[in-house]
Amino acid sequence: MASPSSEPLRRPSARAPWIALVLALLTGSIGAGSVSMDRSLGWDESMHAALPAARMVLALKAGQTREAIDVALDCQQYPPVYPAFLATVQSIAGVGEGVARAATRGLWALGLFGLFLLGRAIVDRIERDAVQPFAGAALVPWILPAIALTSPMALAFSGTLFLEIPFTVAATFALWAWMRRGGATGRAERVRRDLLAGALIAVCFFTKFNYALLLGLGLALDLAIESAGLIRAGRARQAMERVIALGLPSALAWLWWFVLPFPAGAEVAASHRSAFLAFLGGNTQLGTTPYAIRVWDMATYLAPGPRGLLITLGAAGLALVWVRRPAVRCLALVLVTGFGPILAHNFHLERFLLPPALALWALAAVGLARLAPTSRAGRAIFLGAVGAVGLVSPTLDAGLAAGALGLRTADNAEYLAALHRQRLSLSPARGLPTAGLQRAEYDALLDAAAAAAGPTARVAWLGINSELSPAALHLGLLARGGAPERLRRDAGRVRPDGQPEMVVTFMGEDPGWNGAQLRAWAGQFDVVFSTEPLDWKGRAHRAFLETYRGWLFETGEWSYASIARLAIARAGGRATDLELYACRHDGE
């Protein structure tokens with residue numbers, strides 16, 4: 001502990017949280033109002049977030065509470081916390097893609113305020129264990145959200161419906177609660193704080209399974225070290241009480257989800273267990289992403305440029321000098337258990353880097369605060385200089401970094417330069433990495449489909465298109481006057497083979513049907529939509545669907561009509577000329 005004669009640590013003023021909250025609200029308002037709608041919902045966004053949220057809202061509006069609960073229990077790919085959040089917002093503001101995107105931008109703003117609170121909690125924890133005063137303590141709560149705010153990747157994904165931003169927000173508050181545990185002064189307060197931390201860890205788990213397991217591993221290691229210290233000090237009972245209080249919320253939540261998912265039964269519990277195990281073993285069969293790509297993603301997307309990444313890593317390294325202090329030790333463990341498995345796994349997407357970046361940002365905030373001069377003027381100059389070095393003209397060294405990593409060639413140099421400008425943008429109106437269609441393309445397809453199907457017809461899609469999911473089709477029809485009852489009735493229907501009922505398959509593998517099976521499937525629907533070409537990117541392994549479509553018409557019982565023609569943009573400036581057909585059983 002600091003000696004009584006030591007100069008007291010400088011803390012943020014009592015007004016600081018209110019100032020931080022106002023700034024977060026302002027940031028959220030600007031971000032929500034500026035969110036790009038240039039692209040439609042991508043596959044994961046629509047299938048696992050937007051659709052279940054819409055189904056919950058429509059069920060509750062129809063007075064069907066049990067139906068809404070069943071939808072939440074059916075959220076097995078994406079856990080139910082985030083869809084439930086979107087449903088809550090949309091029950092007030094209305095069901096819509098723009099509402100959902102704006103809500104997630106608002107959630108990220110809440111996360112920025114959470115980062116301020118986390119910074120204060122880290123400082124308090126460091127102060128309790130400090131041997132020497134931490135002169136830069138007052139800066140940590142401000143530097144931490146500032147680092148996050150300058151991450152182009154965080155800004156980009158805060159406008160999407162992927163789970164990385166919701167999880168990072170949940171993890172921020174879980175880490176805040178974890179850091180506050182050490183400040184409890186009595187047994188009752190200690191139990192309350194442990195229960196809160198445990199509850200927020202459970203929220204993390206039901207926001208994104210895999211990231212929560214990695215976070216939980218880091219915190220479990222920290223708890224093990226903490227408990228060992230308590231046992232050595234003769235306080236084994238306190239150590240056991242803390243372990244029980246921390247684990248109880250997650251244990252109860254796991255018991256509900258995997259064993260007794262009331263009001264559902266054992267069959268749903270079994271499906272939860274099966275889906276969870278399948279999820280943990282997923283993507284292992286895919287090829288390994290080169291590490292050059294992963295470093296490039298960190299340097300030109302997660303960070304505001306290679307210089308920004310170097311500053312962040314250097315500052316975090318400086319903070320690790322204090323790794324024996326519990327606060328820094330905890331962050332270091334969460335950093336290692338977060339980044340380690342993600343970087344070691346063969347499958348990689350850039351957004352996987354966001355959740356573990358939370359611990360990196362926190363360590364970097366501590367390291368930069370340690371470097372800051374003690375005078376106000378000196379701090380202003382120092383932080384201004386760091387910001388200028390890290391943020392000014394990041395595309396200059398982004399190209400150099402790509403070249404050093406062997407990713408830039410004479411043929412792709414111009415494309416990479418444009419991609420870096422897009423990636424490194426910090427405009428709240430920047431484009432979003434949704435993997436959906438361009439807005440004009442989506443609108444043209446859905447306008448034609450809605451006119452052909454009307455408000456109530458049962459619809460199917462004969463084809464596989466990663467760019468237009470079954471959920472995106474149903475949500476688009478709803479937005480164009482489709483009956484809510486149709487979405488509630490049809491959008492969540494799944495065959496025993498796990499495929500959405502309204503498609504033959506979305507796996508890209510021939511299910512082995514014959515003509516009679518294909519026509520029996522189509523006969524369940526009033527309109528079967530299909531396009532020419534069937535696959536918009538010419539993927540050869542999906543060519544079997546040509547045969548399937550031929551089977552539909554070989555008996556003469558089905559006819560088709562062209563309802564739209566458009567061009568679908570592809571990478572590299574190419575486009576696919578597309579024709580949309582509505583197929584109907586004759587006499588209907």
# chains A, B, ... in the order shown; residues from 1 in each chain; ligands from 1
$ select_by_dssp --residues "range 252-401 of chain A" --states "helix (DSSP H, G or I)" --output "PyMOL selection string"
chain A and resi 252-258+266-280+291-302+306-322+326-344+350-371+376-391+394-401
$ residues_around --residues "range 202-204 of chain A" --least-positions-apart "3" --cutoff "10 Å" --atoms "only C-alpha atoms" --output "PyMOL selection string"
chain A and resi 79-82+166-174+196-199+207-213+215-216+246-254
$ residues_around --residues "Gly106 in chain A" --least-positions-apart "3" --cutoff "10 Å" --atoms "only C-alpha atoms" --output "list in words"
Ala24, Leu25, Leu26, Thr27, Gly28, Ser29, Ile30, Gly31, Ala32, Gly33, Ala100, Arg101, Ala102, Ala103, Ala109, Leu110, Gly111, Leu112, Ser158 and Gly159 of chain A
$ residues_around --residues "Gly463 in chain A" --least-positions-apart "3" --cutoff "7 Å" --atoms "only C-alpha atoms" --output "list in words"
Ser530, Leu534, Asp535 and Leu545 of chain A
$ atom_distance --atom1 "CA of Leu552 in chain A" --atom2 "CA of Ala522 in chain A"
7.9 Å
$ residues_around --residues "Pro152 in chain A" --least-positions-apart "4" --cutoff "9 Å" --atoms "only C-alpha atoms" --output "list in words"
Ala148, Ala156, Phe157, Thr300, Tyr301, Leu302, Ala303, Pro304, Arg423, Leu424, Ser425, Leu426 and Ser427 of chain A
$ residues_around --residues "range 398-407 of chain A" --least-positions-apart "5" --cutoff "8 Å" --atoms "only C-alpha atoms" --output "compact mmCIF listing (two decimals) with C-alpha atoms, in the first residue's frame"
# COMPACT_ATOMS: atom_id res chain seq x y z
CA ALA A 292 0.00 -12.39 -42.54
CA ILE A 293 -3.74 -11.82 -43.05
CA TRP A 296 -2.89 -7.14 -41.57
CA ALA A 299 -2.86 -3.25 -38.32
CA THR A 300 -5.34 -1.91 -40.85
CA GLY A 305 -3.35 1.97 -38.84
CA PRO A 306 0.03 0.26 -38.32
CA LEU A 416 -5.66 -2.50 -51.71
CA ALA A 417 -5.30 1.27 -51.51
CA HIS A 420 -7.45 0.57 -46.88
$ residues_around --residues "range 330-337 of chain A" --least-positions-apart "5" --cutoff "9 Å" --atoms "only C-alpha atoms" --output "list in words"
Leu175, Met179, Leu214, Leu215, Gly216, Leu217, Gly218, Leu219, Leu221, Asp222, Leu223, Leu320, Val323, Arg325, Ile342, Pro356, Ala357, Leu358, Ala359, Leu360, Ala362 and Leu363 of chain A
$ write_last_selection --atoms "N, CA and C atoms" --output "compact mmCIF listing (two decimals), in the first residue's frame"
# COMPACT_ATOMS: atom_id res chain seq x y z
N LEU A 175 -16.07 -7.26 -16.81
CA LEU A 175 -14.74 -6.93 -16.28
C LEU A 175 -14.82 -5.81 -15.25
N MET A 179 -13.42 -6.26 -11.50
CA MET A 179 -12.41 -5.39 -10.88
C MET A 179 -12.92 -4.80 -9.56
N LEU A 214 -13.74 -18.17 -23.45
CA LEU A 214 -12.37 -17.66 -23.39
C LEU A 214 -12.23 -16.62 -22.28
N LEU A 215 -13.21 -15.73 -22.18
CA LEU A 215 -13.20 -14.75 -21.08
C LEU A 215 -13.27 -15.47 -19.74
N GLY A 216 -14.15 -16.46 -19.63
CA GLY A 216 -14.29 -17.20 -18.38
C GLY A 216 -13.01 -17.92 -18.00
N LEU A 217 -12.29 -18.44 -18.99
CA LEU A 217 -11.02 -19.11 -18.70
C LEU A 217 -10.03 -18.14 -18.08
N GLY A 218 -9.90 -16.95 -18.66
CA GLY A 218 -8.98 -15.95 -18.10
C GLY A 218 -9.37 -15.55 -16.69
N LEU A 219 -10.67 -15.33 -16.46
CA LEU A 219 -11.12 -14.93 -15.13
C LEU A 219 -10.98 -16.08 -14.14
N LEU A 221 -8.62 -18.35 -14.17
CA LEU A 221 -7.21 -18.37 -13.78
C LEU A 221 -6.90 -17.27 -12.78
N ASP A 222 -7.47 -16.11 -13.00
CA ASP A 222 -7.28 -15.02 -12.05
C ASP A 222 -7.86 -15.37 -10.69
N LEU A 223 -9.04 -15.99 -10.69
CA LEU A 223 -9.68 -16.40 -9.44
C LEU A 223 -8.86 -17.47 -8.73
N LEU A 320 2.37 -4.08 -18.66
CA LEU A 320 2.65 -5.43 -18.17
C LEU A 320 3.82 -5.47 -17.19
N VAL A 323 2.54 -6.54 -13.92
CA VAL A 323 1.73 -7.74 -14.03
C VAL A 323 1.49 -8.41 -12.69
N ARG A 325 0.50 -6.89 -10.09
CA ARG A 325 -0.65 -6.24 -9.48
C ARG A 325 -1.92 -6.90 -9.99
N ILE A 342 -7.90 -17.79 -30.44
CA ILE A 342 -8.42 -17.20 -31.68
C ILE A 342 -7.32 -17.14 -32.74
N PRO A 356 -11.32 -9.96 -27.83
CA PRO A 356 -10.10 -9.96 -27.02
C PRO A 356 -9.37 -8.63 -27.01
N ALA A 357 -9.70 -7.73 -27.95
CA ALA A 357 -9.06 -6.42 -27.97
C ALA A 357 -9.42 -5.60 -26.74
N LEU A 358 -10.51 -5.95 -26.06
CA LEU A 358 -10.91 -5.22 -24.85
C LEU A 358 -9.78 -5.20 -23.82
N ALA A 359 -9.18 -6.33 -23.54
CA ALA A 359 -8.08 -6.38 -22.57
C ALA A 359 -6.85 -5.64 -23.09
N LEU A 360 -6.60 -5.74 -24.41
CA LEU A 360 -5.47 -5.02 -24.99
C LEU A 360 -5.65 -3.52 -24.84
N ALA A 362 -7.41 -1.96 -22.60
CA ALA A 362 -7.30 -1.58 -21.19
C ALA A 362 -5.84 -1.51 -20.75
N LEU A 363 -5.06 -2.47 -21.17
CA LEU A 363 -3.63 -2.44 -20.83
C LEU A 363 -2.95 -1.24 -21.48
